[in-house]
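**Q** My structure is in structure.cif, and what it holds is mmCIF, C-alpha atoms:
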```cif
data_run
loop_
_atom_site.group_PDB
_atom_site.id
_atom_site.type_symbol
_atom_site.label_atom_id
_atom_site.label_comp_id
_atom_site.auth_asym_id
_atom_site.auth_seq_id
_atom_site.Cartn_x
_atom_site.Cartn_y
_atom_site.Cartn_z
ATOM 1 C CA MET A 1 100.695 286.073 57.725
ATOM 2 C CA ALA A 2 100.723 287.521 61.198
ATOM 3 C CA ASN A 3 97.649 285.790 62.604
ATOM 4 C CA GLN A 4 98.259 282.258 61.359
ATOM 5 C CA ILE A 5 98.443 279.426 63.833
ATOM 6 C CA SER A 6 99.137 275.763 63.304
ATOM 7 C CA PRO A 7 95.808 274.082 63.951
ATOM 8 C CA MET A 8 95.896 271.023 66.204
ATOM 9 C CA ILE A 9 94.793 267.689 64.819
ATOM 10 C CA TRP A 10 92.269 265.446 66.559
ATOM 11 C CA GLN A 11 94.767 262.701 67.435
ATOM 12 C CA ALA A 12 97.050 265.171 69.270
ATOM 13 C CA PHE A 13 94.121 266.839 71.052
ATOM 14 C CA LYS A 14 92.689 263.542 72.269
ATOM 15 C CA SER A 15 96.143 262.290 73.358
ATOM 16 C CA THR A 16 96.650 265.471 75.384
ATOM 17 C CA LEU A 17 93.331 264.884 77.138
ATOM 18 C CA GLU A 18 94.213 261.228 77.769
ATOM 19 C CA ALA A 19 97.408 262.349 79.522
ATOM 20 C CA ASN A 20 95.373 264.389 82.061
ATOM 21 C CA PRO A 21 92.302 262.282 82.995
ATOM 22 C CA ASP A 22 92.025 263.279 86.669
ATOM 23 C CA LEU A 23 92.044 267.049 86.162
ATOM 24 C CA HIS A 24 88.983 269.270 85.762
ATOM 25 C CA LEU A 25 88.509 270.425 82.168
ATOM 26 C CA ALA A 26 88.244 274.166 81.562
ATOM 27 C CA PHE A 27 88.117 276.298 78.426
ATOM 28 C CA GLU A 28 89.351 279.887 78.279
ATOM 29 C CA TYR A 29 87.687 281.589 75.287
ATOM 30 C CA GLN A 30 89.241 285.030 75.886
ATOM 31 C CA PRO A 31 91.994 286.080 78.294
ATOM 32 C CA GLY A 32 90.514 285.699 81.773
ATOM 33 C CA GLN A 33 87.112 284.533 80.431
ATOM 34 C CA HIS A 34 86.222 280.869 80.958
ATOM 35 C CA VAL A 35 83.301 278.766 79.812
ATOM 36 C CA ASP A 36 81.126 278.293 82.905
ATOM 37 C CA ALA A 37 82.142 275.270 84.971
ATOM 38 C CA SER A 38 78.759 273.604 84.432
ATOM 39 C CA PHE A 39 79.271 273.426 80.638
ATOM 40 C CA HIS A 40 78.105 270.433 78.641
ATOM 41 C CA ILE A 41 79.698 268.881 75.569
ATOM 42 C CA THR A 42 76.523 268.816 73.513
ATOM 43 C CA GLU A 43 77.849 267.257 70.336
ATOM 44 C CA ILE A 44 80.947 266.400 68.385
ATOM 45 C CA LYS A 45 80.705 266.990 64.658
ATOM 46 C CA GLN A 46 82.954 265.771 61.869
ATOM 47 C CA ALA A 47 82.821 268.042 58.840
ATOM 48 C CA PRO A 48 84.503 267.204 55.545
ATOM 49 C CA ILE A 49 85.268 270.504 53.793
ATOM 50 C CA ILE A 50 85.703 270.763 50.030
ATOM 51 C CA SER A 51 86.329 274.198 48.565
ATOM 52 C CA VAL A 52 87.642 275.943 45.499
ATOM 53 C CA ASP A 53 89.710 279.025 46.310
ATOM 54 C CA CYS A 54 89.910 282.274 44.364
ATOM 55 C CA GLY A 55 92.914 280.904 42.456
ATOM 56 C CA GLY A 56 90.792 278.058 41.091
ATOM 57 C CA LYS A 57 92.461 275.355 43.196
ATOM 58 C CA MET A 58 90.379 272.697 44.928
ATOM 59 C CA ASN A 59 91.126 272.186 48.631
ATOM 60 C CA SER A 60 89.823 269.579 51.053
ATOM 61 C CA TRP A 61 90.253 268.871 54.739
ATOM 62 C CA THR A 62 88.254 267.542 57.662
ATOM 63 C CA GLU A 63 87.349 269.285 60.895
ATOM 64 C CA VAL A 64 86.236 267.806 64.209
ATOM 65 C CA ILE A 65 84.125 270.369 66.039
ATOM 66 C CA VAL A 66 83.444 269.957 69.754
ATOM 67 C CA GLN A 67 80.419 272.020 70.768
ATOM 68 C CA LEU A 68 80.189 273.431 74.310
ATOM 69 C CA TRP A 69 77.025 274.769 75.913
ATOM 70 C CA GLU A 70 76.460 276.699 79.131
ATOM 71 C CA PRO A 71 73.104 275.879 80.759
ATOM 72 C CA PRO A 72 70.967 278.925 81.639
ATOM 73 C CA VAL A 73 71.214 278.057 85.339
ATOM 74 C CA ARG A 74 74.560 277.066 86.815
ATOM 75 C CA GLU A 75 74.467 273.343 87.570
ATOM 76 C CA ALA A 76 77.905 272.727 89.075
ATOM 77 C CA GLU A 77 80.667 274.490 90.960
ATOM 78 C CA ARG A 78 83.373 272.386 89.321
ATOM 79 C CA SER A 79 83.700 271.483 85.679
ATOM 80 C CA MET A 80 83.691 267.918 84.470
ATOM 81 C CA ARG A 81 86.864 265.943 84.757
ATOM 82 C CA VAL A 82 88.821 265.225 81.593
ATOM 83 C CA SER A 83 87.939 261.535 82.076
ATOM 84 C CA LYS A 84 84.222 262.408 81.691
ATOM 85 C CA ALA A 85 84.966 264.313 78.463
ATOM 86 C CA LEU A 86 86.861 261.252 77.226
ATOM 87 C CA GLU A 87 83.819 259.071 78.005
ATOM 88 C CA ILE A 88 81.724 261.358 75.773
ATOM 89 C CA ILE A 89 84.384 261.229 73.042
ATOM 90 C CA ASN A 90 84.521 257.417 73.225
ATOM 91 C CA LEU A 91 80.715 257.227 73.014
ATOM 92 C CA VAL A 92 80.761 259.422 69.902
ATOM 93 C CA GLU A 93 83.555 257.397 68.313
ATOM 94 C CA LYS A 94 81.494 254.196 68.670
ATOM 95 C CA SER A 95 79.056 255.650 66.127
ATOM 96 C CA LEU A 96 81.277 258.079 64.238
ATOM 97 C CA PRO A 97 84.943 257.200 63.734
ATOM 98 C CA LEU A 98 86.720 260.559 63.942
ATOM 99 C CA ASN A 99 89.524 261.303 61.500
ATOM 100 C CA PRO A 100 92.742 261.413 63.572
ATOM 101 C CA LEU A 101 94.228 263.998 61.172
ATOM 102 C CA ALA A 102 91.203 266.323 61.257
ATOM 103 C CA VAL A 103 91.641 269.914 62.416
ATOM 104 C CA VAL A 104 90.103 270.468 65.872
ATOM 105 C CA LYS A 105 87.779 273.367 66.590
ATOM 106 C CA ILE A 106 85.820 274.183 69.722
ATOM 107 C CA GLU A 107 82.425 275.785 69.116
ATOM 108 C CA PHE A 108 81.149 278.047 71.864
ATOM 109 C CA GLY A 109 79.049 281.088 72.546
ATOM 110 C CA ASN A 110 77.077 282.682 75.347
ATOM 111 C CA ALA A 111 75.232 285.964 76.037
ATOM 112 C CA ARG A 112 78.564 287.855 76.220
ATOM 113 C CA PHE A 113 80.400 286.084 73.397
ATOM 114 C CA ASP A 114 78.997 285.441 69.902
ATOM 115 C CA THR A 115 78.996 281.776 68.931
ATOM 116 C CA ARG A 116 82.088 280.927 66.939
ATOM 117 C CA GLN A 117 84.578 278.194 66.288
ATOM 118 C CA LEU A 118 87.939 278.561 68.000
ATOM 119 C CA TYR A 119 91.147 276.583 67.823
ATOM 120 C CA PRO A 120 92.686 274.937 70.861
ATOM 121 C CA GLY A 121 95.875 276.938 71.378
ATOM 122 C CA GLU A 122 98.030 276.346 74.405
ATOM 123 C CA PHE A 123 97.211 274.087 77.351
ATOM 124 C CA SER A 124 97.993 274.792 80.971
ATOM 125 C CA THR A 125 97.546 272.804 84.142
ATOM 126 C CA SER A 126 97.250 273.557 87.807
ATOM 127 C CA SER A 127 96.954 271.115 90.671
ATOM 128 C CA GLU A 128 93.271 270.550 89.793
ATOM 129 C CA ASP A 129 92.596 272.028 86.350
ATOM 130 C CA PHE A 130 93.452 271.297 82.740
ATOM 131 C CA ILE A 131 92.821 274.521 80.799
ATOM 132 C CA VAL A 132 92.423 274.658 77.033
ATOM 133 C CA HIS A 133 93.236 278.207 75.921
ATOM 134 C CA LEU A 134 91.223 278.909 72.778
ATOM 135 C CA VAL A 135 92.355 281.178 69.946
ATOM 136 C CA PRO A 136 90.223 282.698 67.178
ATOM 137 C CA ASP A 137 89.891 281.237 63.734
ATOM 138 C CA TYR A 138 90.844 283.549 60.862
ATOM 139 C CA THR A 139 90.107 283.981 57.192
ATOM 140 C CA GLN A 140 92.812 283.673 54.595
ATOM 141 C CA CYS A 141 93.516 283.840 50.881
ATOM 142 C CA LYS A 142 94.905 280.434 49.994
ATOM 143 C CA ALA A 143 96.105 281.621 46.563
ATOM 144 C CA LEU A 144 98.213 284.348 48.121
ATOM 145 C CA SER A 145 99.582 281.925 50.715
ATOM 146 C CA ARG A 146 100.882 279.855 47.752
ATOM 147 C CA ASN A 147 102.401 283.019 46.199
ATOM 148 C CA GLU A 148 99.901 282.741 43.352
ATOM 149 C CA ALA A 149 97.389 285.104 41.830
ATOM 150 C CA CYS A 150 93.707 284.625 42.405
ATOM 151 C CA GLY A 151 92.907 283.980 38.725
ATOM 152 C CA ILE A 152 93.403 280.685 36.941
ATOM 153 C CA THR A 153 96.195 281.858 34.658
ATOM 154 C CA ALA A 154 99.565 283.406 35.450
ATOM 155 C CA SER A 155 98.617 286.630 33.640
ATOM 156 C CA ASP A 156 95.607 287.268 35.886
ATOM 157 C CA SER A 157 96.058 289.888 38.556
ATOM 158 C CA ALA A 158 95.508 288.949 42.162
ATOM 159 C CA CYS A 159 92.042 289.781 43.448
ATOM 160 C CA CYS A 160 93.601 290.609 46.794
ATOM 161 C CA ALA A 161 96.285 292.948 45.456
ATOM 162 C CA PRO A 162 95.848 296.722 45.738
ATOM 163 C CA VAL A 163 93.975 298.250 42.815
ATOM 164 C CA ALA A 164 96.312 300.021 40.447
ATOM 165 C CA GLU A 165 95.606 303.712 40.090
ATOM 166 C CA LYS A 166 93.973 304.489 36.739
ATOM 167 C CA THR A 167 95.249 307.359 34.649
ATOM 168 C CA ALA A 168 92.762 309.805 33.169
ATOM 169 C CA LEU A 169 92.258 309.473 29.442
ATOM 170 C CA GLU A 170 92.682 312.467 27.208
ATOM 171 C CA ILE A 171 90.430 312.547 24.172
ATOM 172 C CA VAL A 172 91.473 314.586 21.157
ATOM 173 C CA ALA A 173 88.753 315.544 18.654
ATOM 174 C CA GLU A 174 89.523 317.684 15.625
ATOM 175 C CA GLY A 175 92.394 319.468 17.298
ATOM 176 C CA ALA A 176 90.538 320.183 20.568
ATOM 177 C CA THR A 177 91.345 318.537 23.869
ATOM 178 C CA CYS A 178 88.494 317.032 25.850
ATOM 179 C CA THR A 179 88.909 315.695 29.372
ATOM 180 C CA PRO A 180 86.406 313.449 31.113
ATOM 181 C CA GLY A 181 83.825 315.475 33.049
ATOM 182 C CA SER A 182 84.237 318.672 31.009
ATOM 183 C CA LEU A 183 81.492 320.184 28.878
ATOM 184 C CA GLY A 184 81.086 318.746 25.455
ATOM 185 C CA CYS A 185 82.587 315.348 26.198
#
```
Just dump the structure as structure tokens.
**A**
Amino acid sequence: MANQISPMIWQAFKSTLEANPDLHLAFEYQPGQHVDASFHITEIKQAPIISVDCGGKMNSWTEVIVQLWEPPVREAERSMRVSKALEIINLVEKSLPLNPLAVVKIEFGNARFDTRQLYPGEFSTSSEDFIVHLVPDYTQCKALSRNEACGITASDSACCAPVAEKTALEIVAEGATCTPGSLGC
């Protein structure tokens, strides 16, 4: 699939932050568009996901979702340092042990960008900033990614496959031909 990425796990994300404590933390949610420097980390959620896909297979994974919020009035010229973000993370982990293998998502939205969950993609640094470049989440068909059909048996056709073209039926009644849509059928 063209738009698949390898989601980062919590342990790797946190370790990357720990390696850059003195830099200012920034999030780029679209090319050239950054979360305002006065953002807050309002909550960190851990979400166990259990699903059954269209192929009938049960799937489960855990996500850690870091929610960012821009205050209505700018409160700071510089964003928080990574060390401050780590203090928030450590406070959360005192009450809620976060699964180190959980998929990380950053939840953000503002007046110009609908709230959504994004993956941390690449990281970049400058002399003062640690920038987390966010990439969009995507939907997928897990059955197709396993090269399986969407039904529960091998004879089922894939729900995601193109619909086969149907041939018109010809009805023969007492020697006359009748086609669908014609008079008398």
**Q** Find the distance between CA of Met80 in chain A and CA of Pro97 in chain A and write it in Å to one decimal.
**A**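 Spanning CA of Met80 in chain A to CA of Pro97 in chain A is a straight-line distance of 23.4 Å.
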**Q** Selected by the PyMOL selection byres ((chain A and resi 49) around 10) in the shown coordinates: which residues, as number ranges by chain?
**A** A: 46-48, 50-51, 59-63
**Q** Give me, as a list in words, all polymer residues having an atom no more than 9 Å from range 5-18 of chain A, counting all atoms listed in the file and skipping those fewer than 3 positions away in the same chain.
**A**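 The residues that qualify are Ala2, Pro21, Leu25, Glu63, Val64, Val82, Ser83, Ala85, Leu86, Ile89, Leu98, Asn99, Pro100, Leu101, Ala102, Val103, Val104, Lys105, Tyr119, Pro120, Gly121, Phe123, Phe130, Val135 and Asp137 of chain A.
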**Q** Kindly resolve the PyMOL selection byres ((chain A and resi 67-73) around 7) on the present coordinates and return the residues as a ChimeraX atom specification.
**A** /A:36,38-44,65-66,74-75,106-108
**Q** I need the output of the PyMOL selection byres ((chain A and resi 112) around 12) for this file as a PDB file with C-alpha atoms, in the coordinates of the input; which residues are they?
**A**
```
ATOM      1  CA  TYR A  29      87.687 281.589  75.287  1.00  0.00           C
ATOM      2  CA  GLN A  30      89.241 285.030  75.886  1.00  0.00           C
ATOM      3  CA  GLN A  33      87.112 284.533  80.431  1.00  0.00           C
ATOM      4  CA  HIS A  34      86.222 280.869  80.958  1.00  0.00           C
ATOM      5  CA  VAL A  35      83.301 278.766  79.812  1.00  0.00           C
ATOM      6  CA  ASP A  36      81.126 278.293  82.905  1.00  0.00           C
ATOM      7  CA  GLU A  70      76.460 276.699  79.131  1.00  0.00           C
ATOM      8  CA  PHE A 108      81.149 278.047  71.864  1.00  0.00           C
ATOM      9  CA  GLY A 109      79.049 281.088  72.546  1.00  0.00           C
ATOM     10  CA  ASN A 110      77.077 282.682  75.347  1.00  0.00           C
ATOM     11  CA  ALA A 111      75.232 285.964  76.037  1.00  0.00           C
ATOM     12  CA  PHE A 113      80.400 286.084  73.397  1.00  0.00           C
ATOM     13  CA  ASP A 114      78.997 285.441  69.902  1.00  0.00           C
ATOM     14  CA  THR A 115      78.996 281.776  68.931  1.00  0.00           C
TER      15      THR A 115
END
```
**Q** Looking at A:Gly55, A:Leu96, A:Pro31, A:Ala37, which one is nearest to Pro136 in chain A, with distances taken over only C-alpha atoms?
**A** A:Pro31
**Q** Expressed in Å to a single decimal, how great is the separation between CA of Cys141 in chain A and CA of Glu28 in chain A?
**A** 28.0 Å
**Q** Have a look at CA of Arg78 in chain A and CA of Leu91 in chain A and let me know their distance in Å, one decimal.
**A**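 Value for the CA of Arg78 in chain A-CA of Leu91 in chain A distance: 22.4 Å.
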**Q** As JSON, please: the centre and edge lengths in Å, to one decimal, of an axis-aligned box enclosing every listed atom of range 18-27 of chain A with 5 Å added on each side.
**A**
```
{"center_x": 92.8, "center_y": 268.8, "center_z": 82.2, "size_x": 19.3, "size_y": 25.1, "size_z": 18.9}
```
**Q** Please determine, counting only C-alpha atoms, which residue among A:Glu77, A:Leu134, A:Lys94, A:Glu87 has the shortest atom-to-atom distance to Gln117 in chain A.
**A**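 Result for the nearest residue to Gln117 in chain A: A:Leu134.
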